[in-house]
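Structure data follow from target01.cif (mmCIF, C-alpha atoms and all ligand atoms):
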data_run
#
loop_
_atom_site.label_atom_id
_atom_site.label_comp_id
_atom_site.auth_asym_id
_atom_site.auth_seq_id
_atom_site.Cartn_x
_atom_site.Cartn_y
_atom_site.Cartn_z
CA MET A 1 -2.03 14.23 25.77
CA GLN A 2 -1.70 11.48 23.23
CA LYS A 3 1.69 9.85 22.56
CA PHE A 4 2.70 8.91 19.03
CA GLU A 5 5.69 7.79 17.00
CA LYS A 6 6.40 8.87 13.45
CA TRP A 7 7.65 6.04 11.19
CA GLN A 8 8.45 5.63 7.50
CA GLY A 9 8.83 2.71 5.11
CA CYS A 10 10.35 3.73 1.76
CA GLY A 11 9.28 7.27 2.56
CA ASN A 12 5.63 6.28 2.99
CA ASP A 13 5.15 7.87 6.42
CA PHE A 14 2.79 7.12 9.26
CA ILE A 15 1.80 8.28 12.71
CA LEU A 16 1.69 5.22 14.99
CA ILE A 17 -0.51 5.28 18.06
CA ASP A 18 -0.56 2.51 20.65
CA SER A 19 -4.21 1.99 21.60
CA ARG A 20 -3.80 -1.50 23.04
CA ALA A 21 -4.93 -0.29 26.47
CA ASP A 22 -8.02 1.76 25.58
CA GLU A 23 -8.75 0.82 21.91
CA HIS A 24 -9.00 4.55 21.14
CA ILE A 25 -9.44 5.59 17.49
CA ASP A 26 -9.56 9.25 16.48
CA ALA A 27 -12.39 10.71 14.41
CA ALA A 28 -11.78 11.30 10.68
CA GLU A 29 -11.51 15.10 11.13
CA LYS A 30 -8.77 14.60 13.73
CA ILE A 31 -6.88 12.17 11.46
CA ILE A 32 -7.01 14.70 8.60
CA LYS A 33 -5.50 17.34 10.94
CA LEU A 34 -2.78 15.02 12.27
CA CYS A 35 -1.70 14.11 8.72
CA ASP A 36 -1.62 17.73 7.53
CA ARG A 37 2.00 18.60 6.65
CA HIS A 38 1.61 22.28 7.52
CA PHE A 39 -0.88 22.40 10.36
CA GLY A 40 -0.29 18.93 11.86
CA ILE A 41 2.39 16.30 12.41
CA GLY A 42 2.41 15.36 8.72
CA ALA A 43 1.95 11.82 7.39
CA ASP A 44 0.39 9.70 4.64
CA GLY A 45 -1.74 7.94 7.23
CA VAL A 46 -2.41 7.11 10.89
CA ILE A 47 -1.98 3.57 12.22
CA TYR A 48 -3.47 2.28 15.47
CA VAL A 49 -2.07 -0.69 17.43
CA LEU A 50 -5.02 -2.58 18.91
CA PRO A 51 -5.60 -5.83 20.79
CA SER A 52 -6.72 -8.84 18.73
CA LYS A 53 -8.70 -11.98 19.51
CA VAL A 54 -7.43 -13.85 16.45
CA ALA A 55 -3.77 -12.73 16.15
CA ASP A 56 -0.96 -11.29 18.32
CA VAL A 57 -2.14 -7.76 17.61
CA ARG A 58 -4.49 -5.83 15.33
CA MET A 59 -3.66 -3.00 12.92
CA ARG A 60 -6.09 -0.34 11.71
CA ILE A 61 -4.88 2.25 9.23
CA PHE A 62 -6.47 5.47 8.03
CA ASN A 63 -5.51 7.46 4.94
CA ALA A 64 -4.68 11.17 5.11
CA ASP A 65 -8.28 11.94 4.04
CA GLY A 66 -9.66 10.00 7.02
CA SER A 67 -10.86 6.98 4.97
CA GLU A 68 -9.99 3.49 6.18
CA PRO A 69 -8.29 1.09 3.74
CA GLU A 70 -8.17 -2.65 4.32
CA MET A 71 -4.40 -2.93 4.33
CA CYS A 72 -1.11 -1.11 4.04
CA GLY A 73 2.13 -2.81 3.05
CA ASN A 74 4.58 -0.11 4.09
CA GLY A 75 2.58 0.57 7.21
CA ILE A 76 2.59 -3.03 8.41
CA ARG A 77 6.41 -3.11 8.29
CA CYS A 78 6.54 -0.01 10.49
CA PHE A 79 3.84 -1.51 12.69
CA ALA A 80 5.76 -4.77 13.23
CA LYS A 81 8.98 -3.01 14.24
CA PHE A 82 7.04 -0.67 16.53
CA VAL A 83 5.43 -3.65 18.29
CA LEU A 84 8.57 -5.85 18.46
CA GLY A 85 10.87 -3.01 19.58
CA GLU A 86 14.55 -3.85 19.11
CA ASN A 87 13.78 -7.56 18.77
CA SER A 88 13.87 -9.75 15.72
CA GLY A 89 11.02 -12.23 15.47
CA SER A 90 7.66 -12.83 13.93
CA LEU A 91 4.24 -11.39 14.56
CA LYS A 92 0.74 -12.32 13.46
CA VAL A 93 -1.19 -9.17 12.61
CA GLU A 94 -4.95 -8.89 12.14
CA THR A 95 -5.72 -6.53 9.23
CA GLY A 96 -8.69 -5.76 6.99
CA ALA A 97 -7.08 -8.20 4.53
CA GLY A 98 -6.96 -11.07 7.05
CA VAL A 99 -4.25 -12.22 9.51
CA LEU A 100 -0.80 -11.63 8.01
CA THR A 101 2.55 -12.94 9.28
CA VAL A 102 5.42 -10.47 9.54
CA GLN A 103 9.07 -11.41 10.09
CA VAL A 104 11.68 -8.94 11.35
CA GLU A 105 15.29 -9.97 10.72
CA ASN A 106 18.53 -7.98 10.41
CA ASN A 107 16.58 -4.74 10.39
CA LEU A 108 14.57 -5.83 7.34
CA VAL A 109 10.91 -6.74 7.48
CA THR A 110 9.31 -9.46 5.36
CA VAL A 111 5.54 -9.64 5.17
CA ASP A 112 3.49 -12.54 3.87
CA MET A 113 1.00 -10.34 2.04
CA GLY A 114 -1.29 -13.26 1.21
CA GLU A 115 -2.74 -14.08 -2.19
CA PRO A 116 -3.53 -11.55 -4.91
CA ILE A 117 -7.19 -11.24 -5.93
CA LEU A 118 -7.81 -11.02 -9.68
CA VAL A 119 -11.57 -11.49 -9.96
CA ALA A 120 -12.92 -8.12 -11.09
CA GLU A 121 -15.98 -7.94 -8.87
CA LYS A 122 -13.92 -8.77 -5.78
CA ILE A 123 -11.32 -6.04 -6.41
CA PRO A 124 -13.80 -4.29 -7.02
CA VAL A 125 -13.76 -3.06 -10.61
CA THR A 126 -16.87 -2.90 -12.79
CA PHE A 127 -15.91 -4.58 -16.05
CA ASP A 128 -17.66 -7.04 -18.37
CA LYS A 129 -14.83 -9.57 -18.01
CA GLU A 130 -13.92 -11.87 -15.16
CA LYS A 131 -10.39 -10.45 -14.91
CA VAL A 132 -8.98 -7.13 -16.03
CA ILE A 133 -5.56 -7.77 -17.59
CA ALA A 134 -4.19 -5.34 -20.18
CA GLU A 135 -7.65 -3.92 -20.94
CA PRO A 136 -8.09 -0.46 -22.46
CA LEU A 137 -9.58 2.31 -20.30
CA GLU A 138 -10.12 5.90 -21.31
CA VAL A 139 -9.08 8.39 -18.66
CA ASP A 140 -8.95 12.12 -19.27
CA GLY A 141 -9.18 11.67 -23.05
CA GLU A 142 -6.33 9.14 -23.23
CA VAL A 143 -6.50 5.35 -23.50
CA PHE A 144 -4.45 3.36 -20.97
CA LYS A 145 -3.98 -0.41 -20.77
CA ILE A 146 -4.93 -1.35 -17.23
CA THR A 147 -4.43 -4.47 -15.12
CA CYS A 148 -6.42 -4.67 -11.87
CA VAL A 149 -5.29 -6.54 -8.75
CA SER A 150 -6.46 -6.46 -5.14
CA MET A 151 -4.02 -7.03 -2.30
CA GLY A 152 -6.90 -6.60 0.12
CA ASN A 153 -7.17 -3.07 -1.29
CA PRO A 154 -7.80 -2.16 -4.94
CA HIS A 155 -5.00 -1.40 -7.42
CA CYS A 156 -4.98 -0.37 -11.07
CA VAL A 157 -1.60 -0.94 -12.77
CA ILE A 158 -0.35 0.62 -16.01
CA PHE A 159 2.97 -0.18 -17.72
CA VAL A 160 4.61 2.65 -19.62
CA ASP A 161 7.78 3.09 -21.67
CA ASP A 162 8.84 6.30 -19.94
CA LEU A 163 7.68 6.96 -16.40
CA SER A 164 9.02 10.53 -16.48
CA LYS A 165 6.35 11.39 -19.08
CA ILE A 166 3.44 10.53 -16.75
CA ASN A 167 1.77 13.51 -15.10
CA LEU A 168 0.63 11.72 -11.94
CA GLU A 169 -0.53 14.93 -10.30
CA LYS A 170 -2.95 15.51 -13.16
CA ILE A 171 -4.35 12.03 -13.83
CA GLY A 172 -3.99 10.28 -10.45
CA SER A 173 -7.30 11.42 -9.01
CA LYS A 174 -9.05 10.79 -12.36
CA PHE A 175 -8.16 7.10 -11.97
CA GLU A 176 -8.96 7.12 -8.25
CA ASN A 177 -12.47 8.39 -8.88
CA HIS A 178 -13.18 6.70 -12.24
CA LYS A 179 -16.68 5.22 -12.36
CA ILE A 180 -15.42 1.64 -12.92
CA PHE A 181 -13.94 1.63 -9.38
CA PRO A 182 -16.87 1.55 -6.93
CA ARG A 183 -14.54 1.78 -3.89
CA ARG A 184 -12.10 4.11 -5.72
CA THR A 185 -8.61 2.79 -6.47
CA ASN A 186 -4.88 3.13 -5.89
CA THR A 187 -3.07 3.59 -9.23
CA GLU A 188 0.47 2.50 -10.12
CA PHE A 189 2.54 3.43 -13.17
CA ALA A 190 5.57 1.25 -13.82
CA GLU A 191 8.47 1.10 -16.25
CA ILE A 192 10.12 -2.30 -16.75
CA ILE A 193 13.93 -2.36 -16.50
CA SER A 194 14.56 -6.10 -16.78
CA ARG A 195 12.85 -9.44 -16.07
CA ASN A 196 13.50 -8.82 -12.35
CA GLU A 197 13.52 -5.06 -11.96
CA MET A 198 11.20 -2.10 -12.46
CA ARG A 199 10.54 1.50 -11.49
CA MET A 200 7.15 2.43 -10.09
CA ARG A 201 5.25 5.53 -9.01
CA VAL A 202 1.94 5.60 -7.19
CA TRP A 203 -1.19 7.66 -6.70
CA GLU A 204 -2.78 6.40 -3.50
CA ARG A 205 -6.48 6.34 -2.87
CA GLY A 206 -7.16 8.80 -0.08
CA SER A 207 -3.58 10.14 0.12
CA GLY A 208 -2.54 11.21 -3.41
CA ILE A 209 1.09 10.94 -4.56
CA THR A 210 3.25 9.16 -1.99
CA LEU A 211 6.87 8.02 -2.14
CA ALA A 212 5.93 4.34 -2.04
CA CYS A 213 3.09 1.87 -1.66
CA GLY A 214 3.69 -1.65 -0.35
CA THR A 215 0.43 -3.24 -1.46
CA GLY A 216 0.79 -1.37 -4.77
CA THR A 217 4.28 -2.77 -5.30
CA CYS A 218 2.97 -6.33 -4.80
CA ALA A 219 0.05 -5.66 -7.15
CA THR A 220 2.44 -4.26 -9.78
CA VAL A 221 4.76 -7.30 -9.73
CA VAL A 222 1.72 -9.59 -10.08
CA ALA A 223 0.45 -7.46 -12.98
CA ALA A 224 3.89 -7.42 -14.65
CA ASN A 225 4.12 -11.20 -14.46
CA LEU A 226 0.56 -11.66 -15.77
CA ASN A 227 1.44 -9.39 -18.69
CA GLY A 228 4.53 -11.48 -19.44
CA LEU A 229 6.89 -8.62 -18.60
CA THR A 230 8.79 -9.99 -15.58
CA GLU A 231 9.44 -13.12 -13.58
CA LYS A 232 7.52 -13.70 -10.34
CA SER A 233 10.16 -12.02 -8.20
CA ALA A 234 11.42 -8.51 -8.74
CA THR A 235 13.07 -5.52 -7.13
CA VAL A 236 10.95 -2.41 -7.41
CA HIS A 237 12.51 1.04 -7.25
CA LEU A 238 10.13 3.55 -5.71
CA ASP A 239 10.68 7.27 -5.17
CA GLY A 240 11.36 6.56 -1.48
CA GLY A 241 13.42 3.35 -1.69
CA ASP A 242 13.43 -0.23 -2.89
CA LEU A 243 11.16 -3.18 -2.14
CA LYS A 244 11.76 -6.82 -3.02
CA ILE A 245 8.70 -8.81 -4.03
CA ASN A 246 8.49 -12.56 -4.38
CA TRP A 247 5.30 -14.25 -5.64
CA ARG A 248 5.98 -17.77 -4.43
CA ASN A 249 4.61 -21.07 -5.68
CA ASP A 250 2.06 -21.23 -2.84
CA ASN A 251 0.49 -18.13 -4.51
CA HIS A 252 1.45 -15.95 -1.51
CA ILE A 253 3.34 -12.72 -2.10
CA TYR A 254 6.26 -11.87 0.15
CA MET A 255 7.38 -8.27 0.44
CA THR A 256 10.73 -7.31 1.99
CA GLY A 257 11.85 -3.81 2.87
CA ALA A 258 13.00 -1.43 5.56
CA ALA A 259 11.05 0.51 8.18
CA GLU A 260 12.41 3.22 10.45
CA LYS A 261 11.34 5.31 13.38
CA VAL A 262 11.79 9.02 12.62
CA PHE A 263 10.76 10.68 15.90
CA ALA A 264 8.38 10.43 18.83
CA GLY A 265 6.16 13.03 20.41
CA SER A 266 2.76 13.85 21.80
CA PHE A 267 -0.18 16.01 20.72
O1 LIG B 1 -5.87 1.39 -0.24
C1 LIG B 1 -5.64 2.55 0.13
O2 LIG B 1 -6.56 3.36 0.31
C2 LIG B 1 -4.20 2.96 0.35
N1 LIG B 1 -4.05 4.38 0.29
C3 LIG B 1 -3.80 2.41 1.68
C4 LIG B 1 -2.37 2.58 1.99
C5 LIG B 1 -1.52 1.60 1.22
C6 LIG B 1 -0.05 1.86 1.40
N2 LIG B 1 0.46 2.79 0.51
C7 LIG B 1 0.75 0.59 1.27
O3 LIG B 1 1.95 0.68 1.49
O4 LIG B 1 0.24 -0.48 0.99
C8 LIG B 1 0.25 2.50 2.64
#
Using structure tokens, write down the structure from this file.
Amino acid sequence: MQKFEKWQGCGNDFILIDSRADEHIDAAEKIIKLCDRHFGIGADGVIYVLPSKVADVRMRIFNADGSEPEMCGNGIRCFAKFVLGENSGSLKVETGAGVLTVQVENNLVTVDMGEPILVAEKIPVTFDKEKVIAEPLEVDGEVFKITCVSMGNPHCVIFVDDLSKINLEKIGSKFENHKIFPRRTNTEFAEIISRNEMRMRVWERGSGITLACGTGTCATVVAANLNGLTEKSATVHLDGGDLKINWRNDNHIYMTGAAEKVFAGSF
């Protein structure tokens, strides 16, 4: 029997497993089954709590397809509350995107998501320019203006006039598997509301359409600012809730949002 807790951050939902004692990680086939919404528990990913030599605790996350991304913004908020219990406080978390500091206060979680990466080959995106900002890309017979940002994991951001006209189901995986993204990509479509507000929808690498993406929200605010569309701080409305992003002068991005336990169980 394996104990788990089911958590969600802006409707991006995760199975959390405490493996601090035995460092157990399930095989990809098992993770796919656990995440299955009909034959399993149902989640966008599985997160393991592990011991760390360089931080208070280590987080490993797996997508619903069993692949392992470097980082997860909504997941790390759930992770921090899971580890801290009812307590407020701060936590240093080892992730695939380095050691990140998370602060829990008044039920909200703020994560120092680190610095955005804009150099194309580090994202990675294969392009004949150093950075990819508002560059045209043909996907499925249509030309989109893309801006690429890594928050530890790769993101491709597109600004549109009317988000309701985007058929994410149809084009999401075409972006994810486009040949210019050697490690595939997460893809965000956003509609600007004001200099400090936008709406965003996401197609996640390895999980498909989800209700929110924390790293994607950070990447989208960076992209919006680089395109001259917003200031460096903005509220982003996602299908599953709101996130506040602040790209501070030290070049770090701070993300604030909620995280909630939904239920606990065992399998
Ligand atoms: O990079 C990836 O493969 C993502 N699917 C990882 C998960 C990111 C997430 N949506 C987030 O909130 O940052 C969970």
I'd like to know which of A:Phe144, A:Trp203, A:Phe267, A:Phe82 is closest to ligand LIG 1 (chain B), using only C-alpha atoms and all ligand atoms.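 That would be A:Trp203, the residue with the smallest distance to ligand LIG 1 (chain B).
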Could you pull out the residues sitting within 8 Å of ligand LIG 1 (chain B), using all atoms listed in the file, and write them as an MDAnalysis selection string? chainID A and resid 12 44:45 61:63 67:76 153:155 185:186 204:208 210 212:217
Where does range 145-188 of chain A meet range 229-248 of chain A within 12 Å, residue by residue, with the nearest atom pair and distance in Å to one decimal for each, counting all atoms listed in the file, listed by chain and rising number, as a Markdown table?
| residue | atom | partner | partner_atom | distance |
| --- | --- | --- | --- | --- |
| A:Phe159 | CA | A:Leu229 | CA | 9.3 |
| A:Val160 | CA | A:Leu229 | CA | 11.5 |
| A:Leu163 | CA | A:Leu238 | CA | 11.5 |
| A:Ser164 | CA | A:Asp239 | CA | 11.9 |
| A:Glu188 | CA | A:Leu238 | CA | 10.7 |
Select, from A:Ile192, A:Val93, A:Val157, A:Val57, the residue with the minimum atom-to-atom distance to Glu176 in chain A, counting only C-alpha atoms.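 Going through A:Ile192, A:Val93, A:Val157, A:Val57 one by one, the smallest distance to Glu176 in chain A is for A:Val157.
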Enter the distance from CA of Gly40 in chain A to CA of Leu108 in chain A, in Å, rounded to one decimal.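 Answer for the CA of Gly40 in chain A to CA of Leu108 in chain A separation: 29.2 Å.
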Min atom-atom distance to Ala43 in chain A from the set A:Arg20, A:Lys261, A:Lys6, A:Arg183, counting all atoms listed in the file, belongs to A:Lys6
Excluding same-chain residues fewer than 6 positions from Ala55 in chain A, what lies within 7 Å of it counting only C-alpha atoms, as a list in words?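 The contact residues come out as Lys92, Val93, Glu94 and Val99 of chain A.
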